[in-house]
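Listing of input-v9.cif, mmCIF, C-alpha atoms
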data_upload
loop_
_atom_site.label_atom_id
_atom_site.label_comp_id
_atom_site.auth_asym_id
_atom_site.auth_seq_id
_atom_site.Cartn_x
_atom_site.Cartn_y
_atom_site.Cartn_z
CA MET A 17 -21.80 -1.46 -46.86
CA ASP A 18 -19.68 -3.62 -49.14
CA PHE A 19 -16.51 -2.32 -47.48
CA ASN A 20 -17.84 -3.08 -44.03
CA MET A 21 -18.76 -6.62 -45.02
CA LYS A 22 -15.29 -7.21 -46.43
CA LYS A 23 -13.69 -5.86 -43.25
CA LEU A 24 -15.98 -7.99 -41.12
CA ALA A 25 -15.08 -11.07 -43.14
CA SER A 26 -11.38 -10.23 -42.88
CA ASP A 27 -11.58 -9.74 -39.11
CA ALA A 28 -13.47 -13.02 -38.76
CA GLY A 29 -10.77 -14.79 -40.74
CA ILE A 30 -8.00 -13.33 -38.59
CA PHE A 31 -9.86 -14.27 -35.41
CA PHE A 32 -10.38 -17.83 -36.66
CA THR A 33 -6.68 -18.14 -37.60
CA ARG A 34 -5.61 -16.94 -34.15
CA ALA A 35 -8.05 -19.30 -32.46
CA VAL A 36 -6.71 -22.26 -34.42
CA GLN A 37 -3.11 -21.31 -33.64
CA PHE A 38 -3.87 -20.82 -29.94
CA THR A 39 -5.70 -24.17 -29.72
CA GLU A 40 -2.91 -26.06 -31.47
CA GLU A 41 -0.35 -24.48 -29.11
CA LYS A 42 -2.37 -25.61 -26.11
CA PHE A 43 -2.41 -29.19 -27.41
CA GLY A 44 1.27 -29.07 -28.37
CA GLN A 45 0.59 -29.38 -32.08
CA ALA A 46 2.11 -26.03 -33.11
CA GLU A 47 5.34 -24.19 -32.39
CA LYS A 48 5.29 -21.03 -30.28
CA THR A 49 7.62 -18.05 -30.54
CA GLU A 50 9.24 -17.54 -27.16
CA LEU A 51 10.14 -14.11 -25.80
CA ASP A 52 13.66 -13.44 -24.52
CA ALA A 53 14.46 -13.89 -20.83
CA GLN A 54 14.78 -10.17 -20.14
CA PHE A 55 11.34 -9.52 -21.61
CA GLU A 56 9.85 -12.32 -19.51
CA ASN A 57 11.43 -10.81 -16.38
CA LEU A 58 9.89 -7.44 -17.22
CA LEU A 59 6.49 -9.09 -17.60
CA ALA A 60 6.81 -10.91 -14.27
CA ARG A 61 7.95 -7.70 -12.55
CA ALA A 62 5.00 -5.78 -13.94
CA ASP A 63 2.52 -8.47 -12.87
CA SER A 64 4.00 -8.54 -9.37
CA THR A 65 3.83 -4.75 -9.12
CA LYS A 66 0.19 -4.74 -10.17
CA ASN A 67 -0.82 -7.51 -7.76
CA TRP A 68 0.90 -5.99 -4.73
CA THR A 69 -0.33 -2.50 -5.56
CA GLU A 70 -3.90 -3.81 -5.53
CA LYS A 71 -3.38 -5.53 -2.17
CA ILE A 72 -1.73 -2.48 -0.59
CA LEU A 73 -4.47 -0.23 -1.93
CA ARG A 74 -7.28 -2.41 -0.58
CA GLN A 75 -5.68 -2.81 2.85
CA THR A 76 -4.93 0.90 3.15
CA GLU A 77 -8.58 1.61 2.39
CA VAL A 78 -9.51 -0.81 5.19
CA LEU A 79 -7.09 0.99 7.53
CA LEU A 80 -8.54 4.41 6.74
CA GLN A 81 -12.17 3.23 6.66
CA PRO A 82 -12.80 -0.05 8.54
CA ASN A 83 -16.55 0.03 7.78
CA PRO A 84 -17.11 -2.02 4.55
CA SER A 85 -20.50 -0.41 3.91
CA ALA A 86 -18.95 3.04 4.02
CA ARG A 87 -16.21 1.91 1.60
CA VAL A 88 -18.82 0.61 -0.85
CA GLU A 89 -20.73 3.87 -0.61
CA GLU A 90 -17.59 5.92 -1.27
CA PHE A 91 -16.75 3.66 -4.23
CA LEU A 92 -20.17 4.22 -5.77
CA TYR A 93 -19.90 7.97 -5.33
CA GLU A 94 -16.50 7.94 -7.08
CA LYS A 95 -17.81 5.86 -9.99
CA LEU A 96 -20.74 8.25 -10.38
CA ASP A 97 -18.35 11.24 -10.31
CA ARG A 98 -20.17 12.68 -7.32
CA LYS A 99 -18.65 14.27 -4.24
CA VAL A 100 -18.42 11.95 -1.26
CA PRO A 101 -20.49 13.40 1.62
CA SER A 102 -18.67 14.38 4.78
CA ARG A 103 -18.74 11.61 7.37
CA VAL A 104 -18.45 11.98 11.15
CA THR A 105 -15.52 10.02 12.56
CA ASN A 106 -15.96 7.59 15.44
CA GLY A 107 -14.03 9.89 17.77
CA GLU A 108 -16.24 12.86 16.93
CA LEU A 109 -19.37 10.76 17.44
CA LEU A 110 -18.09 9.56 20.82
CA ALA A 111 -17.33 13.18 21.78
CA GLN A 112 -20.89 14.15 20.87
CA TYR A 113 -22.37 11.40 23.03
CA MET A 114 -20.13 12.30 25.99
CA ALA A 115 -21.01 15.98 25.74
CA GLU A 116 -24.74 15.17 25.65
CA ALA A 117 -24.35 12.81 28.60
CA ALA A 118 -22.55 15.50 30.61
CA SER A 119 -25.27 18.00 29.81
CA GLU A 120 -27.98 15.62 30.99
CA LEU A 121 -26.20 14.16 34.03
CA GLY A 122 -24.93 17.51 35.25
CA PRO A 123 -21.99 19.45 33.84
CA THR A 124 -21.01 20.73 37.31
CA THR A 125 -20.64 17.27 38.88
CA PRO A 126 -17.20 15.59 38.92
CA TYR A 127 -18.40 12.95 36.46
CA GLY A 128 -19.92 15.58 34.17
CA LYS A 129 -16.78 17.72 34.22
CA THR A 130 -14.65 14.70 33.33
CA LEU A 131 -17.02 13.75 30.52
CA ILE A 132 -16.67 17.24 29.06
CA LYS A 133 -12.87 17.09 29.21
CA VAL A 134 -12.74 13.66 27.58
CA ALA A 135 -15.28 14.75 24.95
CA GLU A 136 -13.10 17.70 23.97
CA ALA A 137 -10.08 15.41 23.64
CA GLU A 138 -12.02 12.86 21.58
CA LYS A 139 -13.25 15.66 19.33
CA ARG A 140 -9.67 16.76 18.71
CA LEU A 141 -8.71 13.12 18.02
CA GLY A 142 -11.56 12.82 15.53
CA ALA A 143 -10.45 16.00 13.74
CA ALA A 144 -6.88 14.71 13.56
CA GLU A 145 -8.16 11.42 12.15
CA ARG A 146 -10.18 13.28 9.52
CA ASP A 147 -7.11 15.25 8.43
CA PHE A 148 -5.03 12.06 8.29
CA ILE A 149 -7.61 10.24 6.14
CA HIS A 150 -7.83 13.20 3.76
CA THR A 151 -4.05 13.57 3.45
CA ALA A 152 -3.43 9.83 3.03
CA SER A 153 -6.14 9.55 0.38
CA ILE A 154 -4.62 12.33 -1.72
CA ASN A 155 -0.93 11.57 -1.26
CA PHE A 156 -1.03 7.76 -1.22
CA LEU A 157 -4.26 6.17 -2.44
CA THR A 158 -4.77 8.45 -5.44
CA PRO A 159 -1.35 7.67 -7.04
CA LEU A 160 -1.94 3.93 -6.58
CA ARG A 161 -5.36 4.16 -8.22
CA THR A 162 -3.91 6.26 -11.03
CA PHE A 163 -1.38 3.52 -11.78
CA LEU A 164 -3.98 0.74 -11.77
CA GLU A 165 -6.59 2.64 -13.78
CA GLY A 166 -4.19 4.39 -16.15
CA ASP A 167 -0.70 3.00 -16.66
CA TRP A 168 -1.63 -0.61 -16.01
CA LYS A 169 -4.58 -0.54 -18.41
CA MET A 170 -2.27 0.80 -21.12
CA ILE A 171 0.28 -1.95 -20.41
CA SER A 172 -2.44 -4.62 -20.49
CA LYS A 173 -3.76 -3.31 -23.81
CA GLU A 174 -0.32 -3.40 -25.43
CA ARG A 175 0.35 -6.88 -24.01
CA ARG A 176 -2.87 -8.22 -25.53
CA LEU A 177 -1.90 -6.64 -28.84
CA LEU A 178 1.55 -8.24 -28.61
CA HIS A 179 -0.07 -11.60 -27.92
CA ASN A 180 -2.19 -11.26 -31.06
CA ARG A 181 0.85 -10.25 -33.11
CA ARG A 182 2.66 -13.30 -31.83
CA LEU A 183 -0.22 -15.58 -32.81
CA ASP A 184 -0.25 -14.02 -36.30
CA LEU A 185 3.50 -14.53 -36.60
CA ASP A 186 3.35 -18.18 -35.56
CA ALA A 187 0.37 -18.80 -37.88
CA CYS A 188 2.41 -17.37 -40.80
CA LYS A 189 5.34 -19.60 -39.86
CA ALA A 190 3.07 -22.66 -39.82
CA ARG A 191 1.52 -21.69 -43.18
CA LEU A 192 4.96 -21.23 -44.77
CA LYS A 193 6.12 -24.56 -43.40
CA LYS A 194 3.09 -26.36 -44.86
CA ALA A 195 3.49 -24.57 -48.22
CA LYS A 196 7.14 -25.58 -48.50
CA ALA A 197 6.31 -29.19 -47.66
CA ALA A 198 3.59 -29.24 -50.33
CA GLU A 199 5.91 -27.61 -52.88
CA ALA A 200 8.61 -30.19 -52.24
CA LYS A 201 6.11 -32.98 -52.70
CA ALA A 202 4.72 -31.46 -55.92
CA THR A 203 8.15 -31.03 -57.52
CA THR A 204 9.14 -34.64 -56.95
CA VAL A 205 9.99 -36.17 -60.43
CA PRO A 206 7.57 -39.07 -61.20
CA ASP A 207 8.53 -42.33 -62.94
CA PHE A 208 8.03 -42.00 -66.77
CA GLN A 209 7.06 -45.64 -67.17
CA GLU A 210 4.31 -45.59 -64.53
CA THR A 211 2.85 -42.14 -65.01
CA ARG A 212 0.75 -40.92 -67.85
CA PRO A 213 1.70 -37.70 -69.73
CA ARG A 214 -1.39 -35.97 -68.43
CA ASN A 215 -0.09 -36.26 -64.89
CA TYR A 216 3.10 -34.40 -65.84
CA ILE A 217 1.04 -31.39 -66.80
CA LEU A 218 -0.97 -31.51 -63.59
CA SER A 219 2.19 -31.92 -61.52
CA ALA A 220 3.88 -28.94 -63.17
CA SER A 221 0.78 -26.82 -62.63
CA ALA A 222 0.55 -27.80 -58.97
CA SER A 223 4.24 -27.07 -58.48
CA ALA A 224 3.77 -23.57 -59.89
CA LEU A 225 0.77 -22.99 -57.64
CA TRP A 226 2.67 -24.07 -54.51
CA THR A 227 5.61 -21.90 -55.48
CA ASP A 228 3.30 -18.90 -55.60
CA GLU A 229 1.84 -19.97 -52.27
CA VAL A 230 5.33 -20.13 -50.74
CA ASP A 231 6.18 -16.64 -52.03
CA LYS A 232 2.93 -15.30 -50.64
CA ALA A 233 3.52 -16.99 -47.26
CA GLU A 234 7.06 -15.59 -47.07
CA GLN A 235 5.76 -12.09 -47.75
CA GLU A 236 3.10 -12.42 -45.04
CA LEU A 237 5.73 -13.76 -42.66
CA ARG A 238 7.97 -10.73 -43.22
CA VAL A 239 5.05 -8.38 -42.56
CA ALA A 240 4.01 -10.31 -39.44
CA GLN A 241 7.60 -10.35 -38.15
CA THR A 242 7.90 -6.58 -38.62
CA GLU A 243 4.64 -5.91 -36.79
CA PHE A 244 5.59 -8.27 -33.99
CA ASP A 245 9.01 -6.64 -33.50
CA ARG A 246 7.46 -3.17 -33.47
CA GLN A 247 4.83 -4.16 -30.92
CA ALA A 248 7.39 -5.95 -28.76
CA GLU A 249 9.47 -2.75 -28.61
CA VAL A 250 6.45 -0.65 -27.64
CA THR A 251 5.51 -3.12 -24.90
CA ARG A 252 9.10 -3.30 -23.67
CA LEU A 253 9.25 0.49 -23.24
CA LEU A 254 6.04 0.46 -21.21
CA LEU A 255 7.29 -2.40 -19.03
CA GLU A 256 10.58 -0.61 -18.38
CA GLY A 257 8.51 2.33 -17.15
CA ILE A 258 7.61 0.23 -14.10
CA SER A 259 10.88 1.45 -12.57
CA SER A 260 9.56 5.02 -12.69
CA THR A 261 6.35 3.77 -11.11
CA HIS A 262 8.33 2.30 -8.22
CA VAL A 263 10.10 5.63 -7.68
CA ASN A 264 6.77 7.46 -7.64
CA HIS A 265 5.22 4.96 -5.23
CA LEU A 266 8.28 5.23 -3.00
CA ARG A 267 7.80 9.00 -2.75
CA CYS A 268 4.10 8.50 -2.01
CA LEU A 269 4.96 5.93 0.66
CA HIS A 270 7.26 8.44 2.39
CA GLU A 271 4.45 11.00 2.36
CA PHE A 272 2.05 8.42 3.83
CA VAL A 273 4.46 7.63 6.66
CA GLU A 274 4.93 11.35 7.28
CA SER A 275 1.18 11.94 7.52
CA GLN A 276 0.76 8.91 9.77
CA THR A 277 3.58 10.13 12.02
CA THR A 278 1.95 13.54 12.29
CA TYR A 279 -1.40 11.95 13.09
CA TYR A 280 -0.09 9.75 15.89
CA ALA A 281 1.99 12.61 17.28
CA GLN A 282 -1.14 14.76 17.49
CA CYS A 283 -3.04 11.92 19.16
CA TYR A 284 -0.25 11.43 21.68
CA ARG A 285 -0.14 15.15 22.45
CA HIS A 286 -3.92 15.37 22.90
CA MET A 287 -4.04 12.33 25.18
CA LEU A 288 -1.08 13.55 27.24
CA ASP A 289 -2.85 16.86 27.80
CA LEU A 290 -6.01 14.98 28.77
CA GLN A 291 -4.05 12.78 31.16
CA LYS A 292 -2.59 15.85 32.86
CA GLN A 293 -6.03 17.40 33.23
CA LEU A 294 -7.51 14.20 34.67
CA GLY A 295 -4.51 13.72 36.96
CA SER A 296 -4.86 17.17 38.48
CA SER A 297 -8.62 16.80 38.91
CA GLN A 298 -8.24 13.28 40.36
CA GLY A 299 -6.13 14.64 43.19
CA ALA A 300 -8.87 17.09 44.09
CA ILE A 301 -11.61 14.45 43.96
CA PHE A 302 -9.66 11.61 45.64
CA PRO A 303 -7.12 13.35 47.90
CA GLY A 304 -5.74 10.14 49.44
CA THR A 305 -4.99 8.38 46.16
CA PHE A 306 -1.41 7.40 45.35
CA VAL A 307 -0.11 9.64 42.57
CA GLY A 308 1.40 6.99 40.34
CA THR A 309 -1.62 4.69 39.96
CA THR A 310 -2.52 6.08 36.52
CA GLU A 311 -1.44 3.90 33.61
CA PRO A 312 1.56 5.35 31.77
CA ALA A 313 1.01 7.18 28.53
CA SER A 314 1.92 5.61 25.24
CA PRO A 315 5.61 5.89 24.32
CA PRO A 316 6.71 8.48 21.79
CA LEU A 317 6.73 7.63 18.10
CA SER A 318 10.45 7.01 18.08
CA SER A 319 12.78 6.01 20.91
CA THR A 320 15.87 5.06 18.97
CA SER A 321 18.15 7.29 21.01
CA PRO A 322 18.03 9.39 24.20
CA THR A 323 18.27 12.57 22.12
CA THR A 324 15.30 11.58 19.98
CA ALA A 325 13.22 10.56 22.98
CA ALA A 326 14.03 13.77 24.81
CA ALA A 327 13.06 15.81 21.77
CA THR A 328 9.82 13.92 21.28
CA MET A 329 8.53 13.90 24.88
CA PRO A 330 7.15 17.09 26.39
CA GLY A 331 9.19 18.66 29.15
CA GLY A 332 8.17 18.28 32.78
CA PRO A 333 7.64 20.89 35.47
CA SER A 334 10.53 22.88 36.87
CA VAL A 335 12.61 21.82 39.86
CA ALA A 336 10.84 24.24 42.14
CA SER A 337 7.52 22.54 41.47
CA LEU A 338 8.55 19.68 43.74
CA ALA A 339 8.69 21.87 46.79
CA PRO A 340 5.56 22.80 48.75
CA PRO A 341 4.48 26.45 48.46
CA GLY A 342 6.50 28.82 50.57
CA GLU A 343 9.44 26.41 51.06
CA ALA A 344 12.77 26.00 49.34
CA ALA A 345 13.38 23.17 46.88
CA LEU A 346 13.84 19.77 48.44
CA CYS A 347 17.34 18.38 48.87
CA LEU A 348 16.82 14.95 47.39
CA GLU A 349 19.88 13.42 49.04
CA GLU A 350 18.40 14.19 52.47
CA VAL A 351 14.94 12.82 51.61
CA ALA A 352 14.28 9.36 53.02
CA PRO A 353 11.82 7.03 51.29
CA PRO A 354 8.54 6.50 53.13
CA ALA A 355 8.08 3.37 55.17
CA SER A 356 5.27 2.29 52.83
CA GLY A 357 4.17 3.40 49.39
CA THR A 358 7.29 2.58 47.38
CA ARG A 359 6.77 0.72 44.11
CA LYS A 360 8.85 -0.92 41.42
CA ALA A 361 8.66 0.57 37.96
CA ARG A 362 10.02 -0.40 34.55
CA VAL A 363 11.43 2.38 32.39
CA LEU A 364 9.61 2.52 29.04
CA TYR A 365 12.21 4.51 27.12
CA ASP A 366 15.38 6.51 27.63
CA TYR A 367 15.27 9.84 29.44
CA GLU A 368 18.09 12.38 29.67
CA ALA A 369 18.17 14.32 32.93
CA ALA A 370 17.67 18.07 32.46
CA ASP A 371 19.58 19.00 35.67
CA SER A 372 21.13 17.48 38.77
CA SER A 373 17.77 17.08 40.52
CA GLU A 374 16.55 14.57 37.87
CA LEU A 375 17.52 10.94 37.43
CA ALA A 376 18.62 9.79 33.95
CA LEU A 377 16.78 6.68 32.77
CA LEU A 378 17.57 3.81 30.44
CA ALA A 379 14.88 1.81 28.69
CA ASP A 380 13.82 -1.49 30.35
CA GLU A 381 15.67 -0.91 33.63
CA LEU A 382 13.90 -1.36 36.98
CA ILE A 383 13.87 1.39 39.59
CA THR A 384 12.11 2.12 42.89
CA VAL A 385 9.71 5.05 42.88
CA TYR A 386 7.62 6.85 45.49
CA SER A 387 5.81 10.13 45.94
CA LEU A 388 6.23 12.91 48.47
CA PRO A 389 3.58 15.26 49.82
CA GLY A 390 3.13 18.34 47.69
CA MET A 391 4.85 16.88 44.59
CA ASP A 392 3.59 17.53 41.11
CA PRO A 393 1.45 14.52 40.05
CA ASP A 394 3.47 14.17 36.83
CA TRP A 395 6.70 13.41 38.74
CA LEU A 396 7.94 10.79 41.22
CA ILE A 397 11.14 10.25 43.16
CA GLY A 398 13.19 7.47 41.61
CA GLU A 399 16.03 5.47 43.18
CA ARG A 400 18.60 3.28 41.47
CA GLY A 401 21.31 2.05 43.80
CA ASN A 402 22.71 5.08 45.62
CA LYS A 403 21.39 7.51 42.99
CA LYS A 404 18.17 9.40 43.52
CA GLY A 405 16.27 12.02 41.50
CA LYS A 406 13.02 13.12 39.95
CA VAL A 407 11.56 10.95 37.17
CA PRO A 408 8.54 11.71 34.94
CA VAL A 409 5.57 9.37 35.41
CA THR A 410 4.98 9.14 31.64
CA TYR A 411 8.29 7.33 31.20
CA LEU A 412 7.40 4.57 33.67
CA GLU A 413 5.30 1.43 33.87
CA LEU A 414 4.39 0.83 37.52
CA LEU A 415 4.69 -2.84 38.39
CA SER A 416 3.86 -3.27 42.05
#

Show this structure as structure tokens.
Amino acid sequence: MDFNMKKLASDAGIFFTRAVQFTEEKFGQAEKTELDAQFENLLARADSTKNWTEKILRQTEVLLQPNPSARVEEFLYEKLDRKVPSRVTNGELLAQYMAEAASELGPTTPYGKTLIKVAEAEKRLGAAERDFIHTASINFLTPLRTFLEGDWKMISKERRLLHNRRLDLDACKARLKKAKAAEAKATTVPDFQETRPRNYILSASASALWTDEVDKAEQELRVAQTEFDRQAEVTRLLLEGISSTHVNHLRCLHEFVESQTTYYAQCYRHMLDLQKQLGSSQGAIFPGTFVGTTEPASPPLSSTSPTTAAATMPGGPSVASLAPPGEAALCLEEVAPPASGTRKARVLYDYEAADSSELALLADELITVYSLPGMDPDWLIGERGNKKGKVPVTYLELLS
């Protein structure tokens, strides 16, 4: 009990000394030991990394889960070390409603059949979204949280300890400075004619006391300087580790982009399949409808070059698919455009012709397109000057 009281009194004294030193520094009444410029840069870099990591983490969580109530619920489950319950995605819920609507309205009707097809596509989209959220959470969000809850807490702890060591060091410097000033004043030789002999004795005694105080203050200063230097080195090593953190976050960022690319590629593929299914069924339901009235599909994930675009987009039907059943393939040079039904179209991205019957396309150019009886709904005839050939509908934006 006696030991604990002494330690408590010692800690209270240290805390009071630090509080006094901190207050005097704030009012400009005490000197402050400044860190070197390199150390300050490391501190600023670490603070910036922490702040931006928090912002990126929060916004990525919003991207993966837009519902704030669901995010709060998941946060509580994580803090309680409980497994987060499986949640139905919006696409899966929409697919469920469409399937139920088709069942009630009639699955054999044209509307019911279309509802079933769209529901299946939305279900696949929801499953792809679920996989993307799971992969992004593991490969991207988890490393960011690990840095904030692990490495950054360690850095913050060592920085607070360095701050305390710095306050102790500056307090020792101030104490030594005051002791030396008092010693110099006590050792001043008084005037023999104006000072009594008794004062000489008191002055010599005070001088000896201040000398001891100076020696003690110098010893405490050496100890405080050693502890400060040691703590500064430990903190510097942790701050320099931020570079390794950047490398790790860079790798995680690449994995996040890869998972996002896979997700959007799956979504594009599912929607393109759905568009083909709806296009073929639309011709049977509305036989007089112009083929190219459907809105173009979304462009591929990357269209930086014709080779990349050609590799990303799915291939179209064969040349023979343009010809009606039982007839030879059409000779495009002999085909005249219809008197009505031609439209202008803007090319969305580059397309490399697979053979002589197709027309190569360049992004953003304008061409004239039209359809012929018996053509595959995914293709049109395109004209540019005196050149003519098949063009895929998914590469076009019909203007008029």

- Query: In Å to one decimal, how far is atom CA of Thr261 of chain A from atom CA of Leu177 of chain A?
  - Reply: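 Interatomic distance, atom CA of Leu177 of chain A to atom CA of Thr261 of chain A: 22.2 Å.
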
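Among the candidates A:Glu108, A:Glu90, A:Asp392, A:Asp97, the one nearest to Ala144 of chain A when counting all atoms listed in the file is A:Glu108.
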
- Task: Choose the residue, out of A:Lys189, A:Arg362, A:Arg252, A:His265, that has the smallest atom-to-atom separation from Leu415 of chain A; count all atoms listed in the file.
- Result: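 With all atoms listed in the file as the atom set, the closest residue is A:Arg362.
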
- Task: Between A:Lys193, A:Trp168, A:Gln276, A:Lys406, single out the one closest to Phe148 of chain A, counting all atoms listed in the file.
- Result: A:Gln276

- What does the distance from atom CA of Ala248 of chain A to atom CA of Leu183 of chain A come to in Å, to one decimal?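 Atom-to-atom, atom CA of Ala248 of chain A and atom CA of Leu183 of chain A are spaced 12.9 Å apart.
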
- Message: Starting from the PyMOL selection byres ((chain A and resi 159) around 12), expand the selection into actual residues of this file and give them as a list in words.
- Response: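 For this structure, the PyMOL selection byres ((chain A and resi 159) around 12) resolves to Thr69, Glu70, Leu73, Ala152, Ser153, Ile154, Asn155, Phe156, Leu157, Thr158, Leu160, Arg161, Thr162, Phe163, Leu164, Glu165, Gly166, Asp167, Thr261, His262, Val263, Asn264, His265, Leu266, Arg267, Cys268, Leu269, Glu271 and Phe272 of chain A.
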
- Task: For the structure shown, which residues end up in the PyMOL selection byres ((chain A and resi 247) around 12)? Put them as an MDAnalysis selection string, please?
- Result: chainID A and resid 171 173:182 185 240:246 248:254

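You can rank A:Ser85, A:Glu229, A:Leu255, A:Leu237 by their closest distance to Ala60 of chain A using all atoms listed in the file, and at the top of that list sits A:Leu255.
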
- Rank nothing, just name the residue among A:Val407, A:Val88, A:Ile72, A:Met391 nearest to Leu377 of chain A, using only C-alpha atoms.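 The shortest atom-to-atom distance to Leu377 of chain A comes from A:Val407.
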
- Note on the structure: Correct to one decimal, the distance atom CA of Thr39 of chain A-atom CA of Glu236 of chain A is 21.2 Å

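For the choices A:Ile258, A:Leu58, A:Ser275, A:Arg87, the atom-to-atom distance to Arg146 of chain A is smallest for A:Ser275 when using all atoms listed in the file.
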
- Message: Give me, as a ChimeraX atom specification, all polymer residues having an atom no more than 12 Å from Gln282 of chain A, counting all atoms listed in the file and skipping those fewer than 4 positions away in the same chain.
- Response: /A:137-138,140-145,147-148,275-278,286-289,316-317,328

- Can you list, as JSON, numbers by chain, every protein, DNA or RNA residue that comes within 9 Å of Val134 of chain A when you count only C-alpha atoms, leaving out same-chain residues fewer than 2 positions away? {"A": [111, 114, 115, 129, 130, 131, 132, 136, 137, 138, 139, 290, 294]}

Residues just named, written with C-alpha atoms as a PDB file, in the frame of the given file:
ATOM      1  CA  ALA A 111     -17.330  13.180  21.780  1.00  0.00           C
ATOM      2  CA  MET A 114     -20.130  12.300  25.990  1.00  0.00           C
ATOM      3  CA  ALA A 115     -21.010  15.980  25.740  1.00  0.00           C
ATOM      4  CA  LYS A 129     -16.780  17.720  34.220  1.00  0.00           C
ATOM      5  CA  THR A 130     -14.650  14.700  33.330  1.00  0.00           C
ATOM      6  CA  LEU A 131     -17.020  13.750  30.520  1.00  0.00           C
ATOM      7  CA  ILE A 132     -16.670  17.240  29.060  1.00  0.00           C
ATOM      8  CA  GLU A 136     -13.100  17.700  23.970  1.00  0.00           C
ATOM      9  CA  ALA A 137     -10.080  15.410  23.640  1.00  0.00           C
ATOM     10  CA  GLU A 138     -12.020  12.860  21.580  1.00  0.00           C
ATOM     11  CA  LYS A 139     -13.250  15.660  19.330  1.00  0.00           C
ATOM     12  CA  LEU A 290      -6.010  14.980  28.770  1.00  0.00           C
ATOM     13  CA  LEU A 294      -7.510  14.200  34.670  1.00  0.00           C
TER      14      LEU A 294
END

In the coordinate frame of the file, compute which residues have an atom within 10 Å of (-7.3, 3.4, 9.1) when using all atoms listed in the file, and state them as a CSV table (one decimal) with C-alpha atoms, keeping the file's coordinate frame.
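point-v5.csv was written with the following content:
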chain,number,residue,atom,x,y,z
A,75,GLN,CA,-5.7,-2.8,2.8
A,76,THR,CA,-4.9,0.9,3.2
A,77,GLU,CA,-8.6,1.6,2.4
A,78,VAL,CA,-9.5,-0.8,5.2
A,79,LEU,CA,-7.1,1.0,7.5
A,80,LEU,CA,-8.5,4.4,6.7
A,81,GLN,CA,-12.2,3.2,6.7
A,82,PRO,CA,-12.8,0.0,8.5
A,83,ASN,CA,-16.6,0.0,7.8
A,145,GLU,CA,-8.2,11.4,12.2
A,148,PHE,CA,-5.0,12.1,8.3
A,149,ILE,CA,-7.6,10.2,6.1
A,152,ALA,CA,-3.4,9.8,3.0
A,276,GLN,CA,0.8,8.9,9.8
